[in-house]
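Student: Pasting protein33.cif here (mmCIF, C-alpha atoms):
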```cif
data_target
loop_
_atom_site.group_PDB
_atom_site.id
_atom_site.type_symbol
_atom_site.label_atom_id
_atom_site.label_comp_id
_atom_site.auth_asym_id
_atom_site.auth_seq_id
_atom_site.Cartn_x
_atom_site.Cartn_y
_atom_site.Cartn_z
ATOM 1 C CA MET A 1404 91.283 110.226 89.066
ATOM 2 C CA GLN A 1405 90.866 107.550 86.437
ATOM 3 C CA ASP A 1406 87.448 106.517 85.189
ATOM 4 C CA VAL A 1407 87.030 102.863 86.203
ATOM 5 C CA ASN A 1408 84.425 102.426 83.469
ATOM 6 C CA HIS A 1409 87.331 102.511 80.995
ATOM 7 C CA GLN A 1410 89.557 100.131 82.985
ATOM 8 C CA LEU A 1411 87.442 96.986 83.210
ATOM 9 C CA PHE A 1412 87.481 94.663 80.205
ATOM 10 C CA THR A 1413 86.224 91.161 81.022
ATOM 11 C CA ASP A 1414 82.797 89.645 81.638
ATOM 12 C CA SER A 1415 83.357 88.695 85.292
ATOM 13 C CA VAL A 1416 85.143 90.095 88.313
ATOM 14 C CA ILE A 1417 87.227 86.941 88.759
ATOM 15 C CA LYS A 1418 88.389 87.091 85.123
ATOM 16 C CA GLU A 1419 89.198 90.778 85.541
ATOM 17 C CA LEU A 1420 91.477 90.034 88.481
ATOM 18 C CA SER A 1421 93.201 87.209 86.599
ATOM 19 C CA LEU A 1422 93.676 89.166 83.362
ATOM 20 C CA GLY A 1423 97.285 89.133 82.217
ATOM 21 C CA ILE A 1424 98.567 86.961 85.057
ATOM 22 C CA LYS A 1425 99.911 83.515 84.221
ATOM 23 C CA ASN A 1426 99.288 80.724 86.723
ATOM 24 C CA ILE A 1427 97.563 82.954 89.258
ATOM 25 C CA GLU A 1428 96.748 81.295 92.554
ATOM 26 C CA LYS A 1429 92.978 80.993 92.943
ATOM 27 C CA ASP A 1430 93.322 81.320 96.730
ATOM 28 C CA LYS A 1431 95.117 84.649 96.328
ATOM 29 C CA VAL A 1432 92.322 86.011 94.119
ATOM 30 C CA GLU A 1433 89.599 84.793 96.467
ATOM 31 C CA ASP A 1434 91.448 86.232 99.473
ATOM 32 C CA ILE A 1435 91.620 89.741 98.015
ATOM 33 C CA LEU A 1436 87.963 89.516 96.932
ATOM 34 C CA LYS A 1437 86.979 88.655 100.504
ATOM 35 C CA LYS A 1438 89.127 91.421 102.005
ATOM 36 C CA LEU A 1439 87.421 93.983 99.766
ATOM 37 C CA ASP A 1440 83.885 92.604 100.259
ATOM 38 C CA LEU A 1441 83.693 91.614 96.589
ATOM 39 C CA TYR A 1442 83.595 87.818 96.876
ATOM 40 C CA GLU A 1443 79.833 87.587 96.345
ATOM 41 C CA PHE A 1444 80.316 89.441 93.036
ATOM 42 C CA LYS A 1445 83.129 87.231 91.678
ATOM 43 C CA ASP A 1446 80.978 85.914 88.813
ATOM 44 C CA SER A 1447 79.226 89.239 88.161
ATOM 45 C CA HIS A 1448 79.979 91.451 85.180
ATOM 46 C CA PRO A 1449 82.191 94.318 86.421
ATOM 47 C CA MET A 1450 79.950 96.893 84.741
ATOM 48 C CA SER A 1451 77.017 95.757 86.917
ATOM 49 C CA LEU A 1452 78.848 96.866 90.071
ATOM 50 C CA SER A 1453 78.580 100.207 91.847
ATOM 51 C CA GLY A 1454 81.256 102.834 91.258
ATOM 52 C CA GLY A 1455 83.011 102.051 94.544
ATOM 53 C CA GLN A 1456 82.960 98.312 93.844
ATOM 54 C CA LYS A 1457 84.447 98.884 90.381
ATOM 55 C CA GLN A 1458 87.146 101.034 91.956
ATOM 56 C CA ARG A 1459 88.008 98.250 94.416
ATOM 57 C CA VAL A 1460 88.133 95.693 91.561
ATOM 58 C CA ALA A 1461 90.567 97.937 89.653
ATOM 59 C CA ILE A 1462 92.795 98.351 92.725
ATOM 60 C CA ALA A 1463 92.703 94.610 93.483
ATOM 61 C CA SER A 1464 93.699 93.771 89.904
ATOM 62 C CA ILE A 1465 96.782 95.979 90.201
ATOM 63 C CA LEU A 1466 97.825 94.566 93.575
ATOM 64 C CA LEU A 1467 97.525 90.985 92.288
ATOM 65 C CA LYS A 1468 99.977 91.658 89.459
ATOM 66 C CA ASP A 1469 102.945 91.774 91.871
ATOM 67 C CA SER A 1470 104.666 94.551 89.894
ATOM 68 C CA LYS A 1471 107.931 96.191 90.937
ATOM 69 C CA PHE A 1472 106.417 99.667 90.432
ATOM 70 C CA ILE A 1473 102.799 100.487 91.244
ATOM 71 C CA PHE A 1474 101.223 103.894 90.629
ATOM 72 C CA PHE A 1475 97.898 104.950 92.123
ATOM 73 C CA ASP A 1476 96.127 108.173 91.155
ATOM 74 C CA GLU A 1477 93.518 109.124 93.774
ATOM 75 C CA PRO A 1478 92.749 105.472 94.650
ATOM 76 C CA THR A 1479 90.250 106.375 97.365
ATOM 77 C CA SER A 1480 88.512 109.292 95.689
ATOM 78 C CA GLY A 1481 84.815 109.134 96.551
ATOM 79 C CA MET A 1482 85.324 106.027 98.673
ATOM 80 C CA ASP A 1483 83.741 105.642 102.100
ATOM 81 C CA TYR A 1484 85.932 105.459 105.211
ATOM 82 C CA VAL A 1485 85.549 101.703 105.780
ATOM 83 C CA ASN A 1486 86.695 100.826 102.252
ATOM 84 C CA MET A 1487 89.473 103.437 102.376
ATOM 85 C CA ILE A 1488 90.864 101.637 105.431
ATOM 86 C CA LYS A 1489 90.604 98.273 103.632
ATOM 87 C CA ILE A 1490 92.515 99.660 100.638
ATOM 88 C CA SER A 1491 95.137 101.163 102.950
ATOM 89 C CA GLU A 1492 95.630 97.816 104.710
ATOM 90 C CA LEU A 1493 95.919 95.952 101.399
ATOM 91 C CA ILE A 1494 98.511 98.373 100.057
ATOM 92 C CA ARG A 1495 100.516 98.120 103.291
ATOM 93 C CA GLN A 1496 100.352 94.308 103.126
ATOM 94 C CA ASN A 1497 101.589 94.390 99.533
ATOM 95 C CA LYS A 1498 104.583 96.604 100.257
ATOM 96 C CA LYS A 1499 107.781 94.673 99.880
ATOM 97 C CA ASP A 1500 111.414 95.683 99.939
ATOM 98 C CA SER A 1501 111.588 95.009 96.213
ATOM 99 C CA ASN A 1502 108.603 97.081 95.060
ATOM 100 C CA ILE A 1503 107.871 100.791 94.985
ATOM 101 C CA ILE A 1504 104.369 102.191 95.331
ATOM 102 C CA PHE A 1505 103.584 105.783 94.341
ATOM 103 C CA ILE A 1506 100.284 107.277 95.454
ATOM 104 C CA VAL A 1507 98.950 110.633 94.311
ATOM 105 C CA SER A 1508 96.128 111.714 96.593
ATOM 106 C CA HIS A 1509 94.467 114.654 98.285
ATOM 107 C CA ASP A 1510 93.435 112.320 101.118
ATOM 108 C CA ILE A 1511 96.030 113.083 103.802
ATOM 109 C CA GLU A 1512 94.444 110.646 106.273
ATOM 110 C CA PHE A 1513 94.784 107.823 103.724
ATOM 111 C CA LEU A 1514 98.376 108.771 102.902
ATOM 112 C CA ASN A 1515 99.401 108.946 106.559
ATOM 113 C CA ALA A 1516 97.819 105.536 107.212
ATOM 114 C CA THR A 1517 99.386 103.944 104.136
ATOM 115 C CA ALA A 1518 102.674 105.505 103.078
ATOM 116 C CA ASP A 1519 106.151 105.194 104.545
ATOM 117 C CA SER A 1520 106.831 108.774 103.493
ATOM 118 C CA VAL A 1521 104.711 111.615 102.139
ATOM 119 C CA VAL A 1522 105.787 114.502 99.919
ATOM 120 C CA HIS A 1523 103.526 117.553 99.951
ATOM 121 C CA ILE A 1524 103.456 119.603 96.749
ATOM 122 C CA TYR A 1525 101.991 123.077 97.067
#
```
Represent the structure from my file as structure tokens, please.

Tutor:
Amino acid sequence: MQDVNHQLFTDSVIKELSLGIKNIEKDKVEDILKKLDLYEFKDSHPMSLSGGQKQRVAIASILLKDSKFIFFDEPTSGMDYVNMIKISELIRQNKKDSNIIFIVSHDIEFLNATADSVVHIY
């Protein structure tokens, strides 16, 4: 699992989600903030958020980048069930024929709810 305290760089959540994206649609950013219950924190400094909120900001920033390859390492580690389901739904919504999403996780329930296929490594 990555330490989200070393992944957030800007002075507001909205700037964090827009970092490195040219001409990002404001509606798209606001939509993902609302889906992850982060909208009320859009102008807050990311370091003032709880650990779970920071984790959701980091995941949202990756999903907004519209990359061909996305890698997640334990994205729901320590996350409550409600937010795990929200993350699962967002990842499923962001799956496209043209992108590939790799998820490393011990959370079998999350993987089964999210992934098209699962490889178990023993």

Student: Check what the PyMOL selection byres ((chain A and resi 1419-1425) around 9) selects in the file above and give those residues as a list in words.

Tutor: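 Residues picked by the PyMOL selection byres ((chain A and resi 1419-1425) around 9): Leu1411, Phe1412, Thr1413, Asp1414, Ser1415, Val1416, Ile1417, Lys1418, Asn1426, Ile1427, Lys1429, Val1432, Pro1449, Val1460, Ala1461, Ala1463, Ser1464, Ile1465, Leu1467 and Lys1468 of chain A.
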
Student: So that I have them on file, write out the residues from the current selection with C-alpha atoms, as a CSV table (one decimal), in the frame of the given file.

Tutor:
```csv
chain,number,residue,atom,x,y,z
A,1411,LEU,CA,87.4,97.0,83.2
A,1412,PHE,CA,87.5,94.7,80.2
A,1413,THR,CA,86.2,91.2,81.0
A,1414,ASP,CA,82.8,89.6,81.6
A,1415,SER,CA,83.4,88.7,85.3
A,1416,VAL,CA,85.1,90.1,88.3
A,1417,ILE,CA,87.2,86.9,88.8
A,1418,LYS,CA,88.4,87.1,85.1
A,1426,ASN,CA,99.3,80.7,86.7
A,1427,ILE,CA,97.6,83.0,89.3
A,1429,LYS,CA,93.0,81.0,92.9
A,1432,VAL,CA,92.3,86.0,94.1
A,1449,PRO,CA,82.2,94.3,86.4
A,1460,VAL,CA,88.1,95.7,91.6
A,1461,ALA,CA,90.6,97.9,89.7
A,1463,ALA,CA,92.7,94.6,93.5
A,1464,SER,CA,93.7,93.8,89.9
A,1465,ILE,CA,96.8,96.0,90.2
A,1467,LEU,CA,97.5,91.0,92.3
A,1468,LYS,CA,100.0,91.7,89.5
```

Student: Point out the residue among A:Leu1493, A:Ser1470, A:Asp1406, A:Ser1508 with the least atom-to-atom distance to Ile1524 of chain A, counting only C-alpha atoms.

Tutor: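 Distance minimum relative to Ile1524 of chain A lands on A:Ser1508.
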
Student: Restricting the calculation to all atoms listed in the file: of A:Asp1483, A:Asp1476, A:Asp1519, A:Glu1443, which residue gets closest to Ile1506 of chain A?

Tutor: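 Once distances to Ile1506 of chain A are computed over all atoms listed in the file, the minimum belongs to A:Asp1476.
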
Student: For Met1487 of chain A, which residue out of A:His1523, A:Arg1459, A:His1509, A:His1448 is the nearest one, using all atoms listed in the file?

Tutor: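 Looking at the shortest contact to Met1487 of chain A, the residue is A:Arg1459.
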
Student: Do you have the atom CA of Asn1486 of chain A-atom CA of Leu1439 of chain A distance handy?

Tutor: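 Calculated distance between atom CA of Asn1486 of chain A and atom CA of Leu1439 of chain A is 7.3 Å.
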
Student: Box time for segment 1414-1431 of chain A: axis-aligned, enclosing all its listed atoms, 4 Å extra on each side; report centre and edge lengths in Å to one decimal, as AutoDock Vina command-line options.

Tutor:
```
--center_x 91.4 --center_y 85.8 --center_z 89.2 --size_x 25.1 --size_y 18.1 --size_z 23.1
```

Student: Go through A:Ala1516, A:Leu1436, A:Asn1497, A:Phe1444 one by one, measure the shortest atom-to-atom distance of each to Ile1473 of chain A using all atoms listed in the file, and give the residue with the smallest value.

Tutor: A:Asn1497

Student: Applied to this file, what does the PyMOL selection byres ((chain A and resi 1513) around 10) return in terms of residues, put as a ChimeraX atom specification?

Tutor: /A:1478-1479,1484,1487-1488,1490-1491,1506,1508-1512,1514-1518

Student: What is the atom CA of Phe1474 of chain A-atom CA of Gly1454 of chain A distance in Å, reported with one decimal?

Tutor: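 That distance, rounded to one decimal, is 20.0 Å.
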
Student: Mind pulling up the distance from atom CA of Gly1481 of chain A to atom CA of Gly1455 of chain A?

Tutor: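 Taking atom CA of Gly1455 of chain A as the start and atom CA of Gly1481 of chain A as the end point, the length is 7.6 Å.
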
Student: Apply the PyMOL selection byres ((chain A and resi 1503) around 9) to the file shown and report the selected residues as an MDAnalysis selection string.

Tutor: chainID A and resid 1470:1474 1498:1502 1504:1505

Student: I need the residue nearest Lys1445 of chain A from this list: A:Met1482, A:Glu1433, A:Arg1495, A:Lys1457. Use only C-alpha atoms for the distance.

Tutor: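 Looking only at the distances to Lys1445 of chain A, the closest residue turns out to be A:Glu1433.
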
Student: Would you please work out which residue, of A:Val1521, A:Val1485, A:Ser1480, A:Gln1496, is nearest to Asp1440 of chain A when using all atoms listed in the file?

Tutor: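 Among A:Val1521, A:Val1485, A:Ser1480, A:Gln1496, it is A:Val1485 that comes nearest to Asp1440 of chain A.
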
Student: Can you put N, CA and C atoms back into segment 1496-1517 of chain A and show it as a compact mmCIF listing (two decimals), in the frame of the given file?

Tutor:
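In the end it all went to part_39.txt:
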```
# COMPACT_ATOMS: atom_id res chain seq x y z
N GLN A 1496 100.02 95.73 103.16
CA GLN A 1496 100.35 94.31 103.13
C GLN A 1496 101.14 93.95 101.87
N ASN A 1497 100.92 94.69 100.80
CA ASN A 1497 101.59 94.39 99.53
C ASN A 1497 102.93 95.09 99.38
N LYS A 1498 103.28 95.95 100.32
CA LYS A 1498 104.58 96.60 100.26
C LYS A 1498 105.66 95.56 100.54
N LYS A 1499 106.65 95.58 99.70
CA LYS A 1499 107.78 94.67 99.88
C LYS A 1499 109.04 95.49 99.70
N ASP A 1500 110.15 94.97 100.14
CA ASP A 1500 111.41 95.68 99.94
C ASP A 1500 111.72 95.88 98.47
N SER A 1501 111.23 94.98 97.63
CA SER A 1501 111.59 95.01 96.21
C SER A 1501 110.62 95.81 95.35
N ASN A 1502 109.51 96.31 95.91
CA ASN A 1502 108.60 97.08 95.06
C ASN A 1502 108.44 98.50 95.58
N ILE A 1503 108.04 99.38 94.68
CA ILE A 1503 107.87 100.79 94.98
C ILE A 1503 106.45 101.17 94.62
N ILE A 1504 105.75 101.79 95.56
CA ILE A 1504 104.37 102.19 95.33
C ILE A 1504 104.29 103.71 95.44
N PHE A 1505 103.81 104.34 94.36
CA PHE A 1505 103.58 105.78 94.34
C PHE A 1505 102.09 106.03 94.44
N ILE A 1506 101.70 106.94 95.31
CA ILE A 1506 100.28 107.28 95.45
C ILE A 1506 100.14 108.79 95.34
N VAL A 1507 99.31 109.22 94.42
CA VAL A 1507 98.95 110.63 94.31
C VAL A 1507 97.56 110.75 94.91
N SER A 1508 97.42 111.61 95.92
CA SER A 1508 96.13 111.71 96.59
C SER A 1508 96.01 113.03 97.34
N HIS A 1509 94.78 113.51 97.44
CA HIS A 1509 94.47 114.65 98.28
C HIS A 1509 94.05 114.19 99.68
N ASP A 1510 93.92 112.90 99.87
CA ASP A 1510 93.44 112.32 101.12
C ASP A 1510 94.61 112.11 102.08
N ILE A 1511 94.89 113.12 102.89
CA ILE A 1511 96.03 113.08 103.80
C ILE A 1511 95.89 111.95 104.82
N GLU A 1512 94.68 111.73 105.31
CA GLU A 1512 94.44 110.65 106.27
C GLU A 1512 94.83 109.29 105.67
N PHE A 1513 94.43 109.06 104.42
CA PHE A 1513 94.78 107.82 103.72
C PHE A 1513 96.30 107.71 103.55
N LEU A 1514 96.93 108.80 103.12
CA LEU A 1514 98.38 108.77 102.90
C LEU A 1514 99.12 108.50 104.20
N ASN A 1515 98.73 109.16 105.27
CA ASN A 1515 99.40 108.95 106.56
C ASN A 1515 99.22 107.52 107.07
N ALA A 1516 98.08 106.91 106.78
CA ALA A 1516 97.82 105.54 107.21
C ALA A 1516 98.53 104.51 106.34
N THR A 1517 98.91 104.91 105.12
CA THR A 1517 99.39 103.94 104.14
C THR A 1517 100.87 104.06 103.82
```
